[in-house]
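Source file: start_1.pdb. Holds: PDB, C-alpha atoms, pLDDT in the B column.
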```pdb
ATOM      1  CA  MET R 414     -21.909   2.771   1.646  1.00 46.00           C
ATOM      2  CA  ALA R 415     -20.258   5.791   0.096  1.00 51.00           C
ATOM      3  CA  VAL R 416     -16.780   5.395  -1.291  1.00 52.00           C
ATOM      4  CA  SER R 417     -14.335   8.017  -0.151  1.00 53.00           C
ATOM      5  CA  ARG R 418     -11.523   9.145  -2.383  1.00 56.00           C
ATOM      6  CA  LEU R 419      -8.078   9.274  -0.899  1.00 55.00           C
ATOM      7  CA  MET R 420      -6.752  12.713  -1.631  1.00 54.00           C
ATOM      8  CA  ARG R 421      -4.092  14.965  -0.205  1.00 55.00           C
ATOM      9  CA  LYS R 422      -4.976  18.339   1.182  1.00 55.00           C
ATOM     10  CA  PRO R 423      -3.559  21.150  -0.914  1.00 58.00           C
ATOM     11  CA  ALA R 424      -0.586  22.857   0.661  1.00 55.00           C
ATOM     12  CA  LYS R 425      -1.125  26.364   1.923  1.00 58.00           C
ATOM     13  CA  PRO R 426       0.594  29.083  -0.092  1.00 60.00           C
ATOM     14  CA  GLY R 427       4.094  29.706   1.222  1.00 56.00           C
ATOM     15  CA  HIS R 428       3.913  26.638   3.465  1.00 52.00           C
ATOM     16  CA  THR R 429       6.320  23.752   3.047  1.00 54.00           C
ATOM     17  CA  THR R 430       5.117  20.301   3.932  1.00 51.00           C
ATOM     18  CA  GLN R 431       6.785  18.567   6.823  1.00 62.00           C
ATOM     19  CA  TYR R 432       6.962  15.236   5.049  1.00 64.00           C
ATOM     20  CA  ALA R 433       8.905  15.266   1.820  1.00 70.00           C
ATOM     21  CA  PRO R 434       8.710  12.171  -0.373  1.00 71.00           C
ATOM     22  CA  LEU R 435      11.639   9.837   0.026  1.00 76.00           C
ATOM     23  CA  ARG R 436      14.157   9.806  -2.755  1.00 85.00           C
ATOM     24  CA  LYS R 437      14.081   6.502  -4.577  1.00 83.00           C
ATOM     25  CA  LYS R 438      17.282   4.520  -4.583  1.00 87.00           C
ATOM     26  CA  PRO R 439      18.081   1.801  -7.080  1.00 89.00           C
ATOM     27  CA  LEU R 440      17.643  -1.733  -5.818  1.00 87.00           C
ATOM     28  CA  PRO R 441      20.839  -3.683  -5.153  1.00 89.00           C
ATOM     29  CA  ALA R 442      22.154  -5.595  -8.132  1.00 92.00           C
ATOM     30  CA  GLY R 443      22.944  -9.274  -8.174  1.00 94.00           C
ATOM     31  CA  GLN R 444      19.913 -10.596  -6.309  1.00 93.00           C
ATOM     32  CA  PRO R 445      17.872 -13.455  -7.737  1.00 94.00           C
ATOM     33  CA  ARG R 446      14.709 -12.445  -9.596  1.00 94.00           C
ATOM     34  CA  GLU R 447      12.471 -13.864  -6.845  1.00 95.00           C
ATOM     35  CA  TRP R 448      13.998 -11.413  -4.359  1.00 94.00           C
ATOM     36  CA  TYR R 449      12.918  -8.443  -6.497  1.00 94.00           C
ATOM     37  CA  VAL R 450       9.433  -9.890  -6.969  1.00 94.00           C
ATOM     38  CA  THR R 451       8.861 -10.376  -3.240  1.00 95.00           C
ATOM     39  CA  HIS R 452      10.418  -7.001  -2.404  1.00 94.00           C
ATOM     40  CA  ASN R 453       8.081  -5.145  -4.761  1.00 94.00           C
ATOM     41  CA  ARG R 454       5.121  -7.225  -3.576  1.00 96.00           C
ATOM     42  CA  ARG R 455       5.828  -6.252   0.033  1.00 96.00           C
ATOM     43  CA  LEU R 456       6.067  -2.580  -0.908  1.00 94.00           C
ATOM     44  CA  LYS R 457       2.737  -2.756  -2.732  1.00 96.00           C
ATOM     45  CA  ALA R 458       1.105  -4.573   0.177  1.00 96.00           C
ATOM     46  CA  MET R 459       2.347  -1.909   2.608  1.00 95.00           C
ATOM     47  CA  ARG R 460       1.024   0.908   0.414  1.00 94.00           C
ATOM     48  CA  LEU R 461      -2.364  -0.791   0.179  1.00 96.00           C
ATOM     49  CA  ALA R 462      -2.533  -1.574   3.903  1.00 95.00           C
ATOM     50  CA  ILE R 463      -1.760   2.058   4.755  1.00 94.00           C
ATOM     51  CA  ALA R 464      -4.417   3.294   2.321  1.00 95.00           C
ATOM     52  CA  LEU R 465      -6.995   0.895   3.773  1.00 95.00           C
ATOM     53  CA  LEU R 466      -6.172   1.912   7.332  1.00 94.00           C
ATOM     54  CA  ASP R 467      -6.442   5.581   6.353  1.00 93.00           C
ATOM     55  CA  SER R 468      -9.863   4.921   4.835  1.00 93.00           C
ATOM     56  CA  GLY R 469     -11.139   3.242   8.009  1.00 93.00           C
ATOM     57  CA  VAL R 470     -10.639  -0.472   7.343  1.00 92.00           C
ATOM     58  CA  TYR R 471      -9.162  -1.780  10.597  1.00 92.00           C
ATOM     59  CA  HIS R 472     -10.148  -5.462  10.474  1.00 93.00           C
ATOM     60  CA  PRO R 473      -8.811  -7.982   7.968  1.00 93.00           C
ATOM     61  CA  ALA R 474     -12.258  -9.559   7.650  1.00 93.00           C
ATOM     62  CA  THR R 475     -13.598  -6.361   6.078  1.00 93.00           C
ATOM     63  CA  ALA R 476     -10.686  -6.161   3.620  1.00 94.00           C
ATOM     64  CA  ASP R 477     -11.780  -8.629   0.970  1.00 94.00           C
ATOM     65  CA  ASN R 478     -10.080  -8.872  -2.416  1.00 96.00           C
ATOM     66  CA  VAL R 479     -12.664  -6.631  -4.090  1.00 96.00           C
ATOM     67  CA  ARG R 480     -12.130  -3.850  -1.558  1.00 96.00           C
ATOM     68  CA  ILE R 481      -8.347  -4.127  -1.736  1.00 96.00           C
ATOM     69  CA  ARG R 482      -8.426  -3.978  -5.545  1.00 97.00           C
ATOM     70  CA  ALA R 483     -10.791  -0.988  -5.456  1.00 96.00           C
ATOM     71  CA  THR R 484      -8.374   0.786  -3.111  1.00 95.00           C
ATOM     72  CA  ALA R 485      -5.506  -0.041  -5.472  1.00 95.00           C
ATOM     73  CA  ASP R 486      -7.466   1.577  -8.286  1.00 95.00           C
ATOM     74  CA  GLN R 487      -8.096   4.686  -6.159  1.00 94.00           C
ATOM     75  CA  ILE R 488      -4.445   5.195  -5.254  1.00 92.00           C
ATOM     76  CA  GLY R 489      -3.194   4.415  -8.754  1.00 92.00           C
ATOM     77  CA  VAL R 490      -1.591   1.006  -8.245  1.00 92.00           C
ATOM     78  CA  HIS R 491      -2.006  -1.984 -10.547  1.00 95.00           C
ATOM     79  CA  PRO R 492      -4.577  -4.502  -9.251  1.00 95.00           C
ATOM     80  CA  PRO R 493      -2.882  -6.828  -6.752  1.00 96.00           C
ATOM     81  CA  SER R 494      -2.775 -10.587  -7.028  1.00 96.00           C
ATOM     82  CA  ASP R 495      -4.441 -12.919  -4.540  1.00 96.00           C
ATOM     83  CA  THR R 496      -1.071 -13.395  -2.822  1.00 96.00           C
ATOM     84  CA  THR R 497      -0.650  -9.644  -2.377  1.00 96.00           C
ATOM     85  CA  CYS R 498      -4.205  -9.369  -1.028  1.00 96.00           C
ATOM     86  CA  ARG R 499      -3.347 -12.009   1.590  1.00 96.00           C
ATOM     87  CA  MET R 500      -0.246 -10.014   2.524  1.00 96.00           C
ATOM     88  CA  VAL R 501      -2.349  -6.861   2.932  1.00 96.00           C
ATOM     89  CA  ARG R 502      -4.721  -8.668   5.303  1.00 96.00           C
ATOM     90  CA  ALA R 503      -1.758 -10.055   7.247  1.00 95.00           C
ATOM     91  CA  LEU R 504      -0.286  -6.565   7.608  1.00 95.00           C
ATOM     92  CA  ILE R 505      -3.609  -5.221   8.875  1.00 94.00           C
ATOM     93  CA  ARG R 506      -3.968  -8.167  11.275  1.00 92.00           C
ATOM     94  CA  TYR R 507      -0.502  -8.019  12.778  1.00 85.00           C
ATOM     95  CA  GLY R 508      -0.346  -4.252  12.869  1.00 69.00           C
ATOM     96  CA  ARG R 509      -3.036  -4.158  15.546  1.00 64.00           C
TER      97      ARG R 509
END
```
Would you put the structure from the file into structure tokens?
Amino acid sequence: MAVSRLMRKPAKPGHTTQYAPLRKKPLPAGQPREWYVTHNRRLKAMRLAIALLDSGVYHPATADNVRIRATADQIGVHPPSDTTCRMVRALIRYGR
């Protein structure tokens, strides 16, 4: 099976894109460390689930840890843990 690279189409000259990246805001201060860990894990899982869905993976059974980690490498994200991989499969499952 050929591996497709996830790439953006180049913008046309003189054309502005409809979707501008969101401006990052600092996370709220004063939360326990575990809150920040789970927050960032959820964000990473959402990014990976979106990338997998865009590449044609619609069933959690086909999203094994190897495939999720390969997708993370393609989109430039650190390799996810087993817990994050489970979250990605859950997002794909319940998003249907």
Would you list the contacts of R:Val470 as a PDB file with C-alpha atoms, in the coordinates of the input, taking every protein, DNA or RNA residue within 10 Å and counting all atoms listed in the file, but skipping same-chain residues closer than 6 positions in sequence?
```pdb
ATOM      1  CA  ALA R 462      -2.533  -1.574   3.903  1.00 95.00           C
ATOM      2  CA  ILE R 463      -1.760   2.058   4.755  1.00 94.00           C
ATOM      3  CA  ALA R 464      -4.417   3.294   2.321  1.00 95.00           C
ATOM      4  CA  ALA R 476     -10.686  -6.161   3.620  1.00 94.00           C
ATOM      5  CA  ARG R 480     -12.130  -3.850  -1.558  1.00 96.00           C
ATOM      6  CA  ILE R 505      -3.609  -5.221   8.875  1.00 94.00           C
TER       7      ILE R 505
END
```
_Just checking: using only C-alpha atoms, which residue out of R:Leu461, R:Ala503, R:Arg455, R:Tyr471 ends up closest to R:Gly489?_
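Result for the nearest residue to R:Gly489: R:Leu461.
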*Could you check which of R:Tyr507, R:Pro473, R:Met500, R:Asp486 is closest to R:Met459, using only C-alpha atoms?*
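Among R:Tyr507, R:Pro473, R:Met500, R:Asp486, it is R:Met500 that comes nearest to R:Met459.
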*Using only C-alpha atoms, which of R:Arg506, R:Arg460, R:Arg436, R:Ile488 sits nearest R:Thr475?*
R:Arg506
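Counting from atom CA of R:His491, the distance to atom CA of R:Ala474 is 22.2 Å.
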_Would you compute the distance between atom CA of R:His472 and atom CA of R:Val450? Give it in Å to one decimal._
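Pair atom CA of R:His472 / atom CA of R:Val450 returns 26.6 Å.
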_Radius query 10 Å about (-3.7, -9.6, -4.9), atoms used: only C-alpha atoms, as a PyMOL selection string_ = chain R and resi 454+457-458+478-479+481-482+485+491-501
*asked:* So the first atom is atom CA of R:Pro434 and the second is atom CA of R:Asp477; what is the distance between them in Å, to one decimal place?
replied: 29.2 Å
Draw an axis-aligned box over all listed atoms of stretch 482-492 of chain R, pad each side with 8 Å, and write its centre and edge lengths in Å, one decimal, as JSON.
```
{"center_x": -6.2, "center_y": 0.3, "center_z": -6.8, "size_x": 25.2, "size_y": 25.7, "size_z": 23.4}
```
*asked:* Nearest residue to R:Gln487 out of R:Leu504, R:Ala442, R:Ala433, R:Leu465, using all atoms listed in the file?
replied: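 Result for the nearest residue to R:Gln487: R:Leu465.
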Restore N, CA and C atoms in stretch 470-496 of chain R and list the result as a short mmCIF file (atom, residue, chain, number, x, y, z; two decimals), in the coordinates of the input.
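Once written, out.cif looks like this:
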```cif
data_model
loop_
_atom_site.label_atom_id
_atom_site.label_comp_id
_atom_site.auth_asym_id
_atom_site.auth_seq_id
_atom_site.Cartn_x
_atom_site.Cartn_y
_atom_site.Cartn_z
N VAL R 470 -10.56 0.99 7.30
CA VAL R 470 -10.64 -0.47 7.34
C VAL R 470 -9.60 -0.95 8.34
N TYR R 471 -10.07 -1.39 9.52
CA TYR R 471 -9.16 -1.78 10.60
C TYR R 471 -9.15 -3.28 10.87
N HIS R 472 -10.07 -4.02 10.24
CA HIS R 472 -10.15 -5.46 10.47
C HIS R 472 -9.92 -6.20 9.17
N PRO R 473 -9.10 -7.24 9.20
CA PRO R 473 -8.81 -7.98 7.97
C PRO R 473 -10.05 -8.62 7.36
N ALA R 474 -11.05 -8.93 8.17
CA ALA R 474 -12.26 -9.56 7.65
C ALA R 474 -13.02 -8.62 6.72
N THR R 475 -12.90 -7.31 6.94
CA THR R 475 -13.60 -6.36 6.08
C THR R 475 -12.78 -5.99 4.85
N ALA R 476 -11.55 -6.45 4.77
CA ALA R 476 -10.69 -6.16 3.62
C ALA R 476 -10.68 -7.37 2.69
N ASP R 477 -11.75 -7.53 1.93
CA ASP R 477 -11.78 -8.63 0.97
C ASP R 477 -11.03 -8.20 -0.30
N ASN R 478 -10.86 -9.14 -1.21
CA ASN R 478 -10.08 -8.87 -2.42
C ASN R 478 -10.68 -7.74 -3.25
N VAL R 479 -12.00 -7.68 -3.30
CA VAL R 479 -12.66 -6.63 -4.09
C VAL R 479 -12.34 -5.26 -3.51
N ARG R 480 -12.40 -5.14 -2.20
CA ARG R 480 -12.13 -3.85 -1.56
C ARG R 480 -10.66 -3.45 -1.71
N ILE R 481 -9.77 -4.42 -1.59
CA ILE R 481 -8.35 -4.13 -1.74
C ILE R 481 -8.05 -3.68 -3.17
N ARG R 482 -8.66 -4.35 -4.15
CA ARG R 482 -8.43 -3.98 -5.54
C ARG R 482 -9.05 -2.62 -5.88
N ALA R 483 -10.19 -2.31 -5.25
CA ALA R 483 -10.79 -0.99 -5.46
C ALA R 483 -9.89 0.10 -4.87
N THR R 484 -9.30 -0.17 -3.72
CA THR R 484 -8.37 0.79 -3.11
C THR R 484 -7.14 0.96 -3.98
N ALA R 485 -6.66 -0.13 -4.57
CA ALA R 485 -5.51 -0.04 -5.47
C ALA R 485 -5.83 0.85 -6.66
N ASP R 486 -7.05 0.74 -7.17
CA ASP R 486 -7.47 1.58 -8.29
C ASP R 486 -7.52 3.04 -7.87
N GLN R 487 -7.99 3.30 -6.65
CA GLN R 487 -8.10 4.69 -6.16
C GLN R 487 -6.74 5.34 -5.98
N ILE R 488 -5.75 4.58 -5.51
CA ILE R 488 -4.44 5.20 -5.25
C ILE R 488 -3.51 5.08 -6.45
N GLY R 489 -3.98 4.46 -7.53
CA GLY R 489 -3.19 4.42 -8.75
C GLY R 489 -2.17 3.32 -8.80
N VAL R 490 -2.50 2.16 -8.24
CA VAL R 490 -1.59 1.01 -8.24
C VAL R 490 -2.24 -0.08 -9.08
N HIS R 491 -1.45 -0.87 -9.78
CA HIS R 491 -2.01 -1.98 -10.55
C HIS R 491 -2.76 -2.93 -9.62
N PRO R 492 -3.80 -3.58 -10.11
CA PRO R 492 -4.58 -4.50 -9.25
C PRO R 492 -3.67 -5.60 -8.68
N PRO R 493 -3.75 -5.83 -7.37
CA PRO R 493 -2.88 -6.83 -6.75
C PRO R 493 -3.37 -8.25 -7.00
N SER R 494 -2.44 -9.17 -6.90
CA SER R 494 -2.78 -10.59 -7.03
C SER R 494 -3.40 -11.08 -5.73
N ASP R 495 -3.87 -12.32 -5.75
CA ASP R 495 -4.44 -12.92 -4.54
C ASP R 495 -3.39 -13.01 -3.43
N THR R 496 -2.15 -13.30 -3.81
CA THR R 496 -1.07 -13.40 -2.82
C THR R 496 -0.84 -12.05 -2.15
#
```
